[in-house]
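Trainee: My structure is stored as target.cif, with mmCIF, C-alpha atoms and all ligand atoms.
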```
data_entry
loop_
_atom_site.label_atom_id
_atom_site.label_comp_id
_atom_site.auth_asym_id
_atom_site.auth_seq_id
_atom_site.Cartn_x
_atom_site.Cartn_y
_atom_site.Cartn_z
CA MET A 1148 -7.89 -29.82 -3.08
CA LEU A 1149 -4.73 -28.50 -4.61
CA THR A 1150 -5.42 -25.33 -6.59
CA PHE A 1151 -1.82 -24.84 -7.65
CA PRO A 1152 -1.84 -24.28 -11.45
CA LYS A 1153 -2.01 -27.61 -13.27
CA ARG A 1154 0.30 -26.30 -16.01
CA LEU A 1155 3.01 -25.82 -13.42
CA LEU A 1156 2.52 -29.21 -11.80
CA ASP A 1157 2.67 -30.84 -15.24
CA GLY A 1158 5.78 -28.84 -16.08
CA TYR A 1159 7.43 -29.82 -12.82
CA ARG A 1160 6.71 -33.48 -13.59
CA THR A 1161 8.48 -33.09 -16.94
CA PHE A 1162 11.40 -31.34 -15.24
CA ARG A 1163 11.67 -34.08 -12.61
CA THR A 1164 11.50 -36.97 -15.06
CA GLN A 1165 13.45 -35.54 -18.00
CA ARG A 1166 15.70 -32.64 -17.11
CA LEU A 1167 16.54 -33.30 -13.47
CA PRO A 1168 18.11 -36.74 -14.05
CA THR A 1169 20.63 -35.20 -16.44
CA GLU A 1170 21.29 -32.19 -14.18
CA GLN A 1171 21.05 -33.81 -10.74
CA SER A 1172 24.78 -33.77 -10.11
CA ARG A 1173 24.95 -30.12 -11.12
CA TYR A 1174 22.17 -29.22 -8.67
CA ARG A 1175 23.93 -31.18 -5.88
CA GLU A 1176 27.21 -29.43 -6.61
CA LEU A 1177 25.53 -26.00 -6.66
CA SER A 1178 23.83 -26.82 -3.40
CA GLU A 1179 27.08 -27.81 -1.71
CA ARG A 1180 29.44 -25.24 -3.18
CA GLY A 1181 26.98 -22.37 -3.70
CA GLN A 1182 26.33 -20.43 -6.86
CA PHE A 1183 29.04 -18.74 -8.92
CA PRO A 1184 27.26 -17.21 -11.91
CA GLU A 1185 29.52 -15.02 -14.03
CA VAL A 1186 26.69 -13.08 -15.63
CA MET A 1187 23.87 -10.98 -14.24
CA VAL A 1188 20.97 -10.23 -16.59
CA ILE A 1189 18.64 -7.33 -15.95
CA GLY A 1190 15.54 -8.04 -18.00
CA CYS A 1191 11.85 -7.25 -18.29
CA CYS A 1192 9.10 -9.24 -16.53
CA ASP A 1193 7.59 -9.92 -19.97
CA SER A 1194 6.68 -13.62 -20.21
CA ARG A 1195 8.08 -13.84 -23.76
CA VAL A 1196 11.57 -12.69 -22.82
CA SER A 1197 13.03 -15.31 -20.51
CA PRO A 1198 16.83 -14.89 -20.28
CA GLU A 1199 17.36 -18.55 -19.34
CA VAL A 1200 15.51 -19.64 -22.49
CA ILE A 1201 17.06 -17.08 -24.86
CA PHE A 1202 20.62 -17.81 -23.72
CA ASP A 1203 20.00 -21.54 -23.24
CA VAL A 1204 21.61 -21.72 -19.81
CA GLY A 1205 21.43 -24.28 -17.05
CA PRO A 1206 21.11 -23.88 -13.28
CA GLY A 1207 23.67 -21.63 -11.64
CA GLU A 1208 24.72 -19.82 -14.81
CA LEU A 1209 22.70 -16.60 -14.77
CA PHE A 1210 21.82 -14.29 -11.91
CA VAL A 1211 18.59 -12.70 -13.17
CA MET A 1212 16.75 -9.62 -12.04
CA ARG A 1213 13.56 -8.79 -13.89
CA ASN A 1214 11.28 -5.78 -13.57
CA ILE A 1215 8.98 -3.70 -15.76
CA ALA A 1216 10.99 -2.50 -18.78
CA ASN A 1217 14.39 -3.77 -17.56
CA LEU A 1218 15.19 -0.58 -15.70
CA VAL A 1219 17.90 0.29 -13.20
CA PRO A 1220 17.30 3.32 -10.99
CA VAL A 1221 20.04 5.75 -10.06
CA TYR A 1222 22.05 5.04 -6.90
CA GLN A 1223 19.95 6.30 -4.02
CA PRO A 1224 21.32 5.35 -0.62
CA ASP A 1225 18.39 6.65 1.45
CA GLU A 1226 16.18 5.09 4.14
CA ASN A 1227 13.87 3.39 1.60
CA ALA A 1228 14.17 -0.23 0.51
CA HIS A 1229 15.45 -0.63 -3.08
CA GLY A 1230 14.95 -4.05 -4.62
CA VAL A 1231 16.96 -3.49 -7.82
CA SER A 1232 19.84 -1.99 -5.85
CA ALA A 1233 19.84 -4.93 -3.42
CA ALA A 1234 20.06 -7.41 -6.32
CA LEU A 1235 22.89 -5.40 -7.88
CA GLU A 1236 24.77 -5.19 -4.61
CA TYR A 1237 24.54 -8.96 -4.20
CA ALA A 1238 25.60 -9.67 -7.77
CA VAL A 1239 28.58 -7.32 -7.73
CA ASN A 1240 29.82 -7.41 -4.14
CA VAL A 1241 29.00 -10.98 -3.13
CA LEU A 1242 28.90 -13.03 -6.35
CA ARG A 1243 31.43 -10.83 -8.14
CA VAL A 1244 29.84 -11.33 -11.55
CA LYS A 1245 32.06 -10.52 -14.53
CA HIS A 1246 29.29 -9.19 -16.77
CA ILE A 1247 25.99 -7.36 -16.38
CA VAL A 1248 23.68 -7.53 -19.41
CA VAL A 1249 20.72 -5.16 -19.68
CA LEU A 1250 18.26 -6.98 -21.94
CA GLY A 1251 15.60 -4.82 -23.58
CA HIS A 1252 12.99 -6.15 -25.96
CA ALA A 1253 10.44 -5.36 -28.69
CA GLN A 1254 6.76 -4.83 -27.87
CA CYS A 1255 7.53 -3.90 -24.29
CA GLY A 1256 4.16 -3.39 -22.59
CA GLY A 1257 5.62 -1.19 -19.87
CA ILE A 1258 7.07 1.18 -22.44
CA ARG A 1259 3.94 1.07 -24.59
CA ALA A 1260 1.82 1.94 -21.55
CA PHE A 1261 4.13 4.83 -20.85
CA VAL A 1262 4.29 6.30 -24.36
CA ASP A 1263 0.56 5.91 -24.85
CA LYS A 1264 0.12 7.91 -21.68
CA ILE A 1265 -2.66 5.64 -20.56
CA GLU A 1266 -4.75 6.70 -17.63
CA PRO A 1267 -3.34 5.63 -14.27
CA LEU A 1268 -4.00 1.92 -13.96
CA SER A 1269 -4.59 2.19 -10.24
CA PRO A 1270 -4.64 4.90 -7.57
CA GLY A 1271 -0.96 4.15 -6.99
CA ASP A 1272 -0.12 4.23 -10.73
CA PHE A 1273 3.01 2.27 -9.98
CA ILE A 1274 3.87 1.72 -13.65
CA GLY A 1275 3.58 5.41 -14.47
CA LYS A 1276 5.81 6.43 -11.59
CA TRP A 1277 8.29 3.65 -12.28
CA MET A 1278 8.64 4.57 -15.96
CA ALA A 1279 8.71 8.33 -15.34
CA MET A 1280 11.82 7.87 -13.20
CA PHE A 1281 13.75 6.89 -16.31
CA ILE A 1282 12.33 8.53 -19.39
CA LYS A 1283 11.82 12.23 -19.11
CA PRO A 1284 8.73 13.70 -20.87
CA GLY A 1285 10.96 15.86 -23.10
CA GLU A 1286 12.71 12.77 -24.45
CA VAL A 1287 9.39 11.17 -25.28
CA VAL A 1288 8.13 13.95 -27.54
CA GLU A 1289 11.51 14.66 -29.13
CA GLN A 1290 11.51 13.78 -32.87
CA ARG A 1291 8.10 12.16 -32.51
CA ASP A 1292 6.72 13.87 -35.62
CA LYS A 1293 9.30 12.31 -37.95
CA GLU A 1294 8.77 8.77 -36.71
CA THR A 1295 6.07 6.17 -37.07
CA MET A 1296 4.65 4.96 -33.78
CA GLN A 1297 6.57 1.70 -34.22
CA GLN A 1298 9.89 3.50 -34.74
CA PHE A 1299 9.17 5.73 -31.79
CA VAL A 1300 8.38 2.83 -29.43
CA THR A 1301 11.47 0.92 -30.60
CA ARG A 1302 13.61 4.00 -29.94
CA ILE A 1303 12.22 4.33 -26.42
CA GLU A 1304 12.75 0.59 -25.78
CA LYS A 1305 16.39 0.99 -26.76
CA ALA A 1306 16.66 4.24 -24.78
CA ALA A 1307 15.59 2.28 -21.69
CA VAL A 1308 18.65 0.04 -22.17
CA PHE A 1309 20.94 3.08 -22.50
CA ARG A 1310 19.40 4.72 -19.44
CA SER A 1311 19.85 1.57 -17.34
CA LEU A 1312 23.49 1.29 -18.45
CA GLU A 1313 24.06 4.94 -17.50
CA ASN A 1314 22.34 4.48 -14.16
CA LEU A 1315 24.38 1.37 -13.39
CA MET A 1316 27.49 3.55 -13.40
CA THR A 1317 25.99 5.78 -10.67
CA PHE A 1318 26.50 2.86 -8.23
CA PRO A 1319 29.98 3.33 -6.73
CA PHE A 1320 30.63 -0.42 -6.47
CA VAL A 1321 29.63 -0.94 -10.13
CA LYS A 1322 31.78 1.96 -11.31
CA ARG A 1323 34.73 0.67 -9.30
CA ALA A 1324 34.45 -2.87 -10.69
CA VAL A 1325 34.11 -1.57 -14.27
CA GLU A 1326 37.04 0.82 -13.93
CA ARG A 1327 39.25 -1.91 -12.46
CA GLY A 1328 38.39 -4.13 -15.41
CA ASP A 1329 36.81 -6.74 -13.13
CA MET A 1330 33.37 -6.37 -14.73
CA GLN A 1331 31.83 -5.30 -18.05
CA LEU A 1332 28.43 -3.79 -18.80
CA HIS A 1333 26.51 -4.78 -21.94
CA GLY A 1334 23.27 -3.87 -23.67
CA ALA A 1335 21.12 -6.22 -25.72
CA TYR A 1336 17.72 -6.17 -27.38
CA PHE A 1337 15.45 -9.13 -28.14
CA GLY A 1338 13.04 -9.18 -31.08
CA VAL A 1339 10.15 -11.32 -29.89
CA ALA A 1340 8.59 -12.31 -33.24
CA GLU A 1341 11.83 -13.50 -34.88
CA GLY A 1342 13.61 -14.56 -31.70
CA SER A 1343 16.39 -12.23 -32.82
CA LEU A 1344 19.08 -10.89 -30.52
CA PHE A 1345 20.92 -7.60 -31.01
CA VAL A 1346 23.99 -6.67 -29.01
CA LEU A 1347 24.97 -3.09 -28.28
CA ASP A 1348 28.22 -2.02 -29.91
CA LYS A 1349 29.89 0.19 -27.33
CA VAL A 1350 31.74 2.26 -29.94
CA THR A 1351 28.98 3.00 -32.46
CA LYS A 1352 26.13 2.79 -29.89
CA GLU A 1353 24.23 0.66 -32.40
CA PHE A 1354 22.50 -2.62 -31.72
CA LEU A 1355 24.04 -5.24 -34.04
CA SER A 1356 22.63 -8.64 -34.88
CA ALA A 1357 24.20 -11.34 -32.71
CA LYS A 1358 24.02 -13.69 -35.70
CA GLU A 1359 26.87 -11.78 -37.33
CA ASN A 1360 29.21 -13.10 -34.66
CA GLU A 1361 28.57 -16.70 -35.63
ZN ZN B 1401 9.00 -5.33 -21.34
#
```
Just give me the structure of the file as structure tokens.
Mentor:
Amino acid sequence: MLTFPKRLLDGYRTFRTQRLPTEQSRYRELSERGQFPEVMVIGCCDSRVSPEVIFDVGPGELFVMRNIANLVPVYQPDENAHGVSAALEYAVNVLRVKHIVVLGHAQCGGIRAFVDKIEPLSPGDFIGKWMAMFIKPGEVVEQRDKETMQQFVTRIEKAAVFRSLENLMTFPFVKRAVERGDMQLHGAYFGVAEGSLFVLDKVTKEFLSAKENE
């Protein structure tokens, strides 16, 4: 018998009977003409932080890449396979997106696991190695004494957004597109409990409530 999750089959039925009829022509058009999303979002795998839900977008509007803690590695053109870099290359060089948004969030489990210095979760400790690529141990202890644990974790969550934005500029094709004015990089932060969105102000380097722009 079918062991596919019932929740997903039920959800698909709702999609097919309610949403698809209103979006069928859009799907057909996207199928025939291809996708032309103007925005790439780099977000966390966290099940509470779905870019399509938060930004209320339809099919074809967002090119989304999600990984643990919404991180972008530095440009590393070596013999290894790089999933994040492949997605970036496609978004920038093939789709020619106009914006890349790095979307961080509160209560990030990847960051919590990292700052708590939990024991390796597996012999490979993939999370530990993944996180250590971005946040250096010195940055983690810096100012720790003056902060509550909550403030500290929030700071590291926001630092992950800054680090990803910095690392994006190490990709020559990203740097070129930004410098030509063909593409812009943005940072954002989602507060899970309130459903609040904060957008990074490039001048002050502060995250400002998106509600203020209404
Ligand atoms: Zn997360």
Trainee: When the cut-off is 10 Å and you count all atoms listed in the file, which residues lie near ligand ZN 1401 (chain B), shown as a count of residues only?
Mentor: 24
Trainee: Could you pull the residues within 7 Å of Ile1247 of chain A, counting all atoms listed in the file, minus those fewer than 5 positions along the same chain, as a PDB file with C-alpha atoms, keeping the file's coordinate frame?
Mentor:
```
ATOM      1  CA  VAL A1186      26.690 -13.080 -15.630  1.00  0.00           C
ATOM      2  CA  MET A1187      23.870 -10.980 -14.240  1.00  0.00           C
ATOM      3  CA  VAL A1188      20.970 -10.230 -16.590  1.00  0.00           C
ATOM      4  CA  GLN A1331      31.830  -5.300 -18.050  1.00  0.00           C
ATOM      5  CA  LEU A1332      28.430  -3.790 -18.800  1.00  0.00           C
ATOM      6  CA  HIS A1333      26.510  -4.780 -21.940  1.00  0.00           C
TER       7      HIS A1333
END
```
Trainee: Find the spatial neighbours of Val1321 of chain A, counting only C-alpha atoms, within a cut-off of 12 Å - ignore same-chain residues fewer than 4 positions away - and output them as a ChimeraX atom specification.
Mentor: /A:1221-1222,1232,1235-1240,1243-1247,1312-1317,1325-1332
Trainee: Please report the interatomic distance between atom CA of Asp1292 of chain A and atom CA of Ala1307 of chain A in Å with one decimal.
Mentor: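 Between these atoms lies a distance of 20.2 Å.
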Trainee: Which of these, A:Phe1309, A:Phe1273, A:Phe1151, A:Phe1318, has the shortest distance to Ala1260 of chain A once you count only C-alpha atoms?
Mentor: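 For Ala1260 of chain A, the nearest of the given residues is A:Phe1273.
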Trainee: Can you work out the spacing between atom CA of Ile1201 of chain A and atom CA of Arg1166 of chain A in Å, to one decimal?
Mentor: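 Calculated distance between atom CA of Ile1201 of chain A and atom CA of Arg1166 of chain A is 17.4 Å.
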Trainee: Which residues are near Gly1334 of chain A? Cut-off 7 Å, only C-alpha atoms, ignore same chain within fewer than 5 positions. Put them as a ChimeraX atom specification.
Mentor: /A:1248-1250,1308,1346-1347
Trainee: Expressed in Å to a single decimal, how great is the separation between atom CA of Gly1230 of chain A and atom CA of Ile1274 of chain A?
Mentor: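 Going from atom CA of Gly1230 of chain A over to atom CA of Ile1274 of chain A covers 15.4 Å.
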Trainee: Have a look at A:Glu1353, A:His1229, A:Ile1189, A:Arg1163 and name the one nearest to Met1212 of chain A; count all atoms listed in the file.
Mentor: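 Between A:Glu1353, A:His1229, A:Ile1189, A:Arg1163, the residue approaching Met1212 of chain A most closely is A:Ile1189.
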Trainee: With all atoms listed in the file as the basis for distance, which of A:Asp1225, A:Val1219, A:Val1200, A:Gln1298 is at the shortest distance from Met1278 of chain A?
Mentor: A:Val1219
Trainee: Applying 6 Å and all atoms listed in the file, which residues near Leu1344 of chain A remain after dropping the ones on its own chain fewer than 4 positions away? List them as a list of chain:residue names.
Mentor: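 Non-adjacent residues within range: A:Tyr1336, A:Phe1337, A:Ala1357.
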Trainee: Just add N, CA, C and O atoms to segment 1155-1168 of chain A and send it as a PDB file, in the frame of the given file.
Mentor:
```pdb
ATOM      1  N   LEU A1155       1.739 -25.811 -14.130  1.00  0.00           N
ATOM      2  CA  LEU A1155       3.010 -25.820 -13.420  1.00  0.00           C
ATOM      3  C   LEU A1155       3.318 -27.193 -12.836  1.00  0.00           C
ATOM      4  O   LEU A1155       4.479 -27.645 -12.863  1.00  0.00           O
ATOM      5  N   LEU A1156       2.299 -27.863 -12.332  1.00  0.00           N
ATOM      6  CA  LEU A1156       2.520 -29.210 -11.800  1.00  0.00           C
ATOM      7  C   LEU A1156       2.940 -30.168 -12.925  1.00  0.00           C
ATOM      8  O   LEU A1156       3.857 -30.980 -12.754  1.00  0.00           O
ATOM      9  N   ASP A1157       2.297 -30.016 -14.092  1.00  0.00           N
ATOM     10  CA  ASP A1157       2.670 -30.840 -15.240  1.00  0.00           C
ATOM     11  C   ASP A1157       4.105 -30.543 -15.665  1.00  0.00           C
ATOM     12  O   ASP A1157       4.885 -31.448 -15.980  1.00  0.00           O
ATOM     13  N   GLY A1158       4.423 -29.256 -15.685  1.00  0.00           N
ATOM     14  CA  GLY A1158       5.780 -28.840 -16.080  1.00  0.00           C
ATOM     15  C   GLY A1158       6.814 -29.368 -15.115  1.00  0.00           C
ATOM     16  O   GLY A1158       7.892 -29.823 -15.516  1.00  0.00           O
ATOM     17  N   TYR A1159       6.478 -29.323 -13.819  1.00  0.00           N
ATOM     18  CA  TYR A1159       7.430 -29.820 -12.820  1.00  0.00           C
ATOM     19  C   TYR A1159       7.658 -31.319 -13.005  1.00  0.00           C
ATOM     20  O   TYR A1159       8.784 -31.809 -12.873  1.00  0.00           O
ATOM     21  N   ARG A1160       6.576 -32.035 -13.368  1.00  0.00           N
ATOM     22  CA  ARG A1160       6.710 -33.480 -13.590  1.00  0.00           C
ATOM     23  C   ARG A1160       7.692 -33.747 -14.742  1.00  0.00           C
ATOM     24  O   ARG A1160       8.555 -34.619 -14.670  1.00  0.00           O
ATOM     25  N   THR A1161       7.564 -32.942 -15.793  1.00  0.00           N
ATOM     26  CA  THR A1161       8.480 -33.090 -16.940  1.00  0.00           C
ATOM     27  C   THR A1161       9.917 -32.784 -16.515  1.00  0.00           C
ATOM     28  O   THR A1161      10.858 -33.490 -16.877  1.00  0.00           O
ATOM     29  N   PHE A1162      10.066 -31.722 -15.743  1.00  0.00           N
ATOM     30  CA  PHE A1162      11.400 -31.340 -15.240  1.00  0.00           C
ATOM     31  C   PHE A1162      12.010 -32.488 -14.426  1.00  0.00           C
ATOM     32  O   PHE A1162      13.167 -32.870 -14.607  1.00  0.00           O
ATOM     33  N   ARG A1163      11.185 -33.044 -13.529  1.00  0.00           N
ATOM     34  CA  ARG A1163      11.670 -34.080 -12.610  1.00  0.00           C
ATOM     35  C   ARG A1163      12.038 -35.370 -13.338  1.00  0.00           C
ATOM     36  O   ARG A1163      13.007 -36.038 -12.984  1.00  0.00           O
ATOM     37  N   THR A1164      11.253 -35.699 -14.379  1.00  0.00           N
ATOM     38  CA  THR A1164      11.500 -36.970 -15.060  1.00  0.00           C
ATOM     39  C   THR A1164      12.499 -36.850 -16.216  1.00  0.00           C
ATOM     40  O   THR A1164      13.160 -37.821 -16.570  1.00  0.00           O
ATOM     41  N   GLN A1165      12.582 -35.665 -16.830  1.00  0.00           N
ATOM     42  CA  GLN A1165      13.450 -35.540 -18.000  1.00  0.00           C
ATOM     43  C   GLN A1165      14.716 -34.718 -17.757  1.00  0.00           C
ATOM     44  O   GLN A1165      15.819 -35.150 -18.047  1.00  0.00           O
ATOM     45  N   ARG A1166      14.540 -33.520 -17.229  1.00  0.00           N
ATOM     46  CA  ARG A1166      15.700 -32.640 -17.110  1.00  0.00           C
ATOM     47  C   ARG A1166      16.526 -32.915 -15.843  1.00  0.00           C
ATOM     48  O   ARG A1166      17.757 -32.938 -15.887  1.00  0.00           O
ATOM     49  N   LEU A1167      15.824 -33.119 -14.733  1.00  0.00           N
ATOM     50  CA  LEU A1167      16.540 -33.300 -13.470  1.00  0.00           C
ATOM     51  C   LEU A1167      17.525 -34.486 -13.495  1.00  0.00           C
ATOM     52  O   LEU A1167      18.652 -34.352 -12.996  1.00  0.00           O
ATOM     53  N   PRO A1168      17.142 -35.633 -14.052  1.00  0.00           N
ATOM     54  CA  PRO A1168      18.110 -36.740 -14.050  1.00  0.00           C
ATOM     55  C   PRO A1168      19.433 -36.376 -14.723  1.00  0.00           C
ATOM     56  O   PRO A1168      20.491 -36.821 -14.271  1.00  0.00           O
TER      57      PRO A1168
END
```
